[in-house]
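Novice: Below is a structure I'd like to ask you about.
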Amino acid sequence: MNRRKKEADQHKGWNISISGVFIAMVMGIVLISVVAATLIFVQIYRNAMEQSAVTSSSQSCEQVQNTVENYTQDMRIILERIVARMRHENNHSEEYIQNLVNIRSDVVAVTICGEDGELLRYWNRGQKLKENYRIVQSTEMEDDDGRLHITKPYVESLFEGYYPWVVTVYQKIQKEDGTSIQVNIDIRFSDIANYVDDVGIGQHGYAYIADKKGNLIYHPQQQLIYSGLKEEKGMDLKEGTHIQEQVIYTVKNLENCDWKIVGVCYVDEMITEKVSSAVSRLLIVLCLVMGAVFLLGWAFSELFSAPVRQLADDMHRFEKNAENFVFEPMAGTTEITTLSNSFEHMVAKIQKLMEQVRQEEITLRKTELKALQAQINPHFLYNTLDAIAWMCEDGKNEDAEEMVTALARLFRISISKGHELIPIEKEVEHAKSYLKIENYRYKNKFTYSFEVEESCLSYLCNKITLQPIIENAIYHGVKQMIDEGEIWIRIFEDGEDIIFQVEDNGIGMTEEQCQEILRKELGDRTGIGIKNVNDRIKIYFGSNYGLNITSELDEGTCVTIRMPKVREEEYEKK
Amino acid sequence: MRKSRRKPFIAIGAGVILLAILFFVLTGDGLWEGREGSTNSVIEKKKVVFLTKSMDSSFWQSAYAGAGAASAEYNLDLVCEGPDGDGEEDYEAQNEMIDRAIREQVDALLFSAIDFEKNAEAIDRAAKAGIRIVVVDSPVNSKAVECYIGTDNYEAGCMAGKEVLGNQAENLNIGIVNFDKSTENGQLREEGFRDTVLKDDRANITASINVKSTITDAREGTERMLLDNPQINVIVTFNEWTTLGVGDAVEALEAGERTQVVAFDSNVKSIGMLEKGNVDALIVQNPYAMGYLGIEQINTLLNGQKPEKKETATSSILVTRENMYDDKSQKALFSFEEK
């Protein structure tokens with residue numbers, strides 16, 4: 001039980017407005033969808049870019065491969081020609097080779113070595129051979145598989161003052177006389193270099209040549225690597241595409257020799273940069289979209305939720321003060337106007353019903369009162385008639401006549417054709433008749449006097465207003481007294497009101513008794529009690545008017561009745 | 001109608017305008033064109049001058065090549081210059097070049113000082129003119145220098161010293177041929193050398209001369225020194241020009257057999273001398289790296305970043321006749337001609 005209550009309390013405390021929920025939801029959805037879209041998009045884009053990087057890298061490598069293959073093929077042909085001439089010891093061979101060296105700028109020298117590596121003959125471009133040259137050629141001979149044999153790069157040191165980096169293309173020949181010689185062509189990279197240098201893969205990608213053992217043959221930034229400023233990886237990779245963290249290596253093996261082409265391309269620069277620029281733009285877009293969504297969301301929710309809030313406020317006000325509530329219809333979407341119209345109808349209906357209920361209640365009361373008034377206390381009648389009978393018997397005909405007249409007037413005025421309000425004059429007459437009868441009955445037990453301002457007489461007052469109070473004064477005030485009691489009845493103006501005052505010098509009442517009288521439904525003697533008088537006045541004229549009792553024990557009681565001035569004409573209009 | 005009902009419509013209007021802007025942003029300026037297009041056209045290449053002690057030595061040619069490679073990579077406008085002629089003596093010409101660079105309002109200067117003191121004032125002037133200054137190879141006495149890249153000269157001197165101590169001779173009578181006292185790197189190398197060699201009792205410095213940093217002066221000085229002190233069996237010298245001078249002198253006096261020569265830097269001639277035996281060991285610095293790293297550092301500075309460290313030491317190795325055709329030595333000794 002407790003927990004449920006708490007939960008309910010919390011529910012009340014949350015205070016989430018529709019617009020807040022709406023904006024948060026829409027923004028959340030937009031945010032999530034944009035972020036998700038961006039991520040998916042980036043992923044797809046990244047893959048596509050990677051794919052295209054791989055493709056372009058492999059295309060570039062293929063081109064390099066073709067070019068280098070052509071080049072090595074060319075070298076092979078040259079080598080084969082030289083070898084052929086060596087075999088046949090043609091006279092023109094010297095000239096041919098010398099021409100070749102002169103024409104081909106990338107051929108540094110053609111040399112022929114003996115079995116032990118000693119230099120037999122050489123052709124070059126006029127550089128002087130050193131006296132104590134060194135033989136550094138690699139002579140490791142592999143199976144002659146028809147492929148070109150190429151050494152790793154080294155510095156040519158045969159000639160004075162000329163130290164180019166070269167590779168040697170070589171072939172061994174078995175001569176007819178059984179000795180074997182080796183034909184070497186020392187090649188600089190100038191030709192391939194130009195080509196390889198110009199290969200670009202992406203913004204900073206490049207291609208380089210390595211051999212099967214992982215030695216660098218030619219790299220566009222060879223000197224940078226030789227100076228130890230740059231390290232190149234991927235020289236040991238097998239043929240194919242290798243995607244490493246930031247770099248894509250594409251390796252192609254040459255068919256006619258042991259070289260391979262390695263294409264290097266930076267994923268990072270090709271993809272990440274573009275992606276990050278795209279993402280940063282998307283972020284701006286996202287911000288704009290969020291701004292727009294916020295504004296639109298706010299606007300829509302405002303269109304919807306503000307009128308609802310207004311309506312809720314109105315309902316609250318209506319709840320507090322249904323009678324005087326005035327409803328202003330709202331503008332807005334159809335939903336809102338429908339709601340507003342319904343509420344308007346409801347308010348009208350409720351107010352109408354309330355008015356009806358009030359009217360009915362008043363009517364009911366009036367009927368009730370009339371019924372009460374109609375009742376005549378039988379004791380009072382018997383006693384009076386008794387008294388009249390005694391008078392007749394005693395031969396007091398005049399007195400009897402007076403009594404009968406008074407009684408008749410009393411009843412006439414009591415009934416007053418069913419009107420509730422009667423002129424004060426009549427009311428005074430009514431009171432006088434009553435007092436006359438009572439005075440006869442209680443043989444000069446008390447005296448009474450009227451002080452009525454003339455100007456008051458024409459105003460209206462509730463009928464049977466004074467009689468119950470006088471009755472009370474007699475029965476509870478002066479009757480029990482030993483001395484002669486006195487009752488004063490005054491009627492005078494007080495500003496816009498008229499005051500009726502009934503004072504006696506009787507035994508008085510306690511505070512409780514005063515309250516009791518105002519509460520008790522019926523007086524025991526007559527049909528109408530003091531409470532009834534008070535009620536009627538209040539119903540007719542509002543709570544400002546009515547009865548007031550001041551009393552002191554053994555001193556007397558004073559009952560004051562306040563009533564507004566009502567003229568006959570006004571009453572009839574009502 | 002209540003007044004507050006207007007607000008939502010204003011907000012809707014604003015939202016629609018925002019979306020319209022968005023639409024124009026997206027369609028007007030393609031999302032994918034990226035930044036490359038805009039940056040290239042706006043930013044001008046920064047001008048950098050590489051001012052060296054001389055222009056013709058293969059040491060500086062190699063440094064130029066390195067600087068060239070770096071400036072191509074970092075998209076800088078590089079001008080390489082230095083005093084003409086053989087030798088590295090003309091600090092005044094260097095100062096003039098600095099002043100010219102100030103007039104031309106270059107952005108940065110990569111500098112190698114001939115004179116530790118006498119170049120200082122010009123460098124301060126240049127720094128005042130807003131030129132960023134990085135020094136390679138040989139420092140200058142100026143607070144304006146933002147970083148130094150070059151051989152650890154003292155260490156290189158020690159390396160030469162160790163090689164000399166490898167000599168099996170009973171006594172090591174050492175002749176030192178150094179260049180200008182005012183050039184800082186030569187002094188450091190000599191200091192490193194002396195500190196290393198003098199730990200050995202066999203070693204004594206028989207003669208120490210300072211010559212101008214030209215081949216002729218070095219040759220004449222060395223010849224005189226050798227003639228005056230025939231007992232000298234070890235000669236040390238500390239840069240490319242003096243190496244050539246010393247080599248020539250040794251050849252001229254046919255002293256190659258009896259003297260061990262430890263020298264600095266490589267070029268075609270000194271390699272020939274090494275092969276012939278007139279020079280026995282070369283301390284080969286890495287000028288290409290100096291040029292490259294110098295420009296790289298300048299690029300860092302011009303981009304508003306701080307250099308990682310104030311001093312960057314480039315490698316240097318000792319090459320002898322025996323190991324000169326090793327893979328490692330080859331790479332250091334012979335520059336790879338590009339194209």
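Residue names in the structure tokens use chain letters A, B, ... in the order shown, residue numbers from 1 in each chain, and ligand numbers from 1 in the order shown.
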At a cut-off of 9 Å, using only C-alpha atoms, what residues contact B:Ile133? Leave out same-chain residues fewer than 6 positions from it and give the result as number ranges by chain.
Specialist: B: 108-111, 123, 126-127, 144-147, 298
Novice: Can those selected residues be exported to a file as a PDB file, in the first residue's frame so that it contains C-alpha atoms?
Specialist:
ATOM      1  CA  ALA B 108      62.887  31.068 -42.174  1.00  0.00           C
ATOM      2  CA  LEU B 109      66.605  30.573 -42.382  1.00  0.00           C
ATOM      3  CA  LEU B 110      68.458  27.293 -42.154  1.00  0.00           C
ATOM      4  CA  PHE B 111      71.950  28.312 -41.299  1.00  0.00           C
ATOM      5  CA  ILE B 123      71.498  36.325 -37.099  1.00  0.00           C
ATOM      6  CA  ALA B 126      67.369  38.401 -38.917  1.00  0.00           C
ATOM      7  CA  ALA B 127      65.537  37.122 -35.862  1.00  0.00           C
ATOM      8  CA  ALA B 144      67.646  33.643 -31.619  1.00  0.00           C
ATOM      9  CA  VAL B 145      68.502  30.169 -32.824  1.00  0.00           C
ATOM     10  CA  GLU B 146      65.517  27.966 -32.149  1.00  0.00           C
ATOM     11  CA  CYS B 147      67.139  24.635 -32.623  1.00  0.00           C
ATOM     12  CA  ILE B 298      61.550  24.798 -39.930  1.00  0.00           C
TER      13      ILE B 298
END
Novice: Counting only C-alpha atoms, which residues from chain A have an atom at most 6 Å from any atom of chain B, and could you show them as a list in words?
Specialist: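 Listed by rising number, the hits are Gly161, Ser190, Gln223, Tyr226, Ser277, Ala292, Leu295, Leu296, Ala299 and Ala331 of chain A.
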Novice: Taking N, CA and C atoms for each residue, export the selection above as a CSV table (one decimal), in the first residue's frame.
Specialist:
chain,number,residue,atom,x,y,z
A,161,GLY,N,87.2,7.9,-59.4
A,161,GLY,CA,86.3,9.1,-59.2
A,161,GLY,C,84.9,8.9,-59.7
A,190,SER,N,68.7,5.3,-63.6
A,190,SER,CA,68.1,6.5,-64.2
A,190,SER,C,66.8,6.3,-64.9
A,223,GLN,N,67.6,8.0,-50.9
A,223,GLN,CA,68.6,8.6,-50.1
A,223,GLN,C,68.1,8.8,-48.6
A,226,TYR,N,68.5,5.6,-47.0
A,226,TYR,CA,70.0,5.4,-46.8
A,226,TYR,C,70.5,6.3,-45.7
A,277,SER,N,36.7,15.1,-42.8
A,277,SER,CA,36.1,16.4,-43.3
A,277,SER,C,34.6,16.2,-43.5
A,292,ALA,N,16.8,23.2,-36.1
A,292,ALA,CA,15.5,23.2,-36.8
A,292,ALA,C,14.5,22.3,-36.1
A,295,LEU,N,13.3,23.9,-33.0
A,295,LEU,CA,12.4,25.0,-33.2
A,295,LEU,C,11.0,24.5,-33.6
A,296,LEU,N,11.1,23.6,-34.6
A,296,LEU,CA,9.8,23.0,-35.2
A,296,LEU,C,9.1,22.2,-34.1
A,299,ALA,N,7.6,24.4,-31.7
A,299,ALA,CA,6.5,25.1,-32.3
A,299,ALA,C,5.3,24.2,-32.3
A,331,ALA,N,-8.1,29.0,-29.8
A,331,ALA,CA,-7.8,28.7,-31.2
A,331,ALA,C,-6.8,27.6,-31.2
Novice: Taking the chain letters and numbering used in this document, name the residues of stretch 20-238 of chain B that DSSP puts in strand (DSSP E or B), as a count of residues only.
Specialist: 47
Novice: Applying 9 Å and only C-alpha atoms, which residues near B:Gln297 remain after dropping the ones on its own chain fewer than 5 positions away? List them as a list in words.
Specialist: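 So, after excluding close chain neighbours, the residues are Val134, Cys147, Ile149, Tyr292, Leu302, Pro307 and Glu308 of chain B.
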Novice: Quick one: residues within 9 Å of A:Ile201, only C-alpha atoms counted, chain neighbours fewer than 4 positions away excluded, as a ChimeraX atom specification?
Specialist: /A:53,56-57,60,205-207,263-266
Novice: Please provide the set of residues having any atom within 8 Å of stretch 79-88 of chain B, restricted to only C-alpha atoms, with same-chain residues fewer than 3 positions apart removed, written as a list of chain:residue names.
Specialist: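 Once the adjacent positions are removed, what remains is B:Lys47, B:Val48, B:Val49, B:Phe50, B:Leu51, B:Thr52, B:Lys53, B:Ser54, B:Met55, B:Asp56, B:Ser57, B:Tyr64, B:Ala93, B:Gln94, B:Met97, B:Ile114, B:Lys212, B:Ser213, B:Thr214, B:Ile215, B:Trp241.
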Novice: Which residues are near A:Phe343? Cut-off 9 Å, only C-alpha atoms, ignore same chain within fewer than 4 positions. Put them as a PyMOL selection string.
Specialist: chain A and resi 311+315+327+329+338-339+347-348
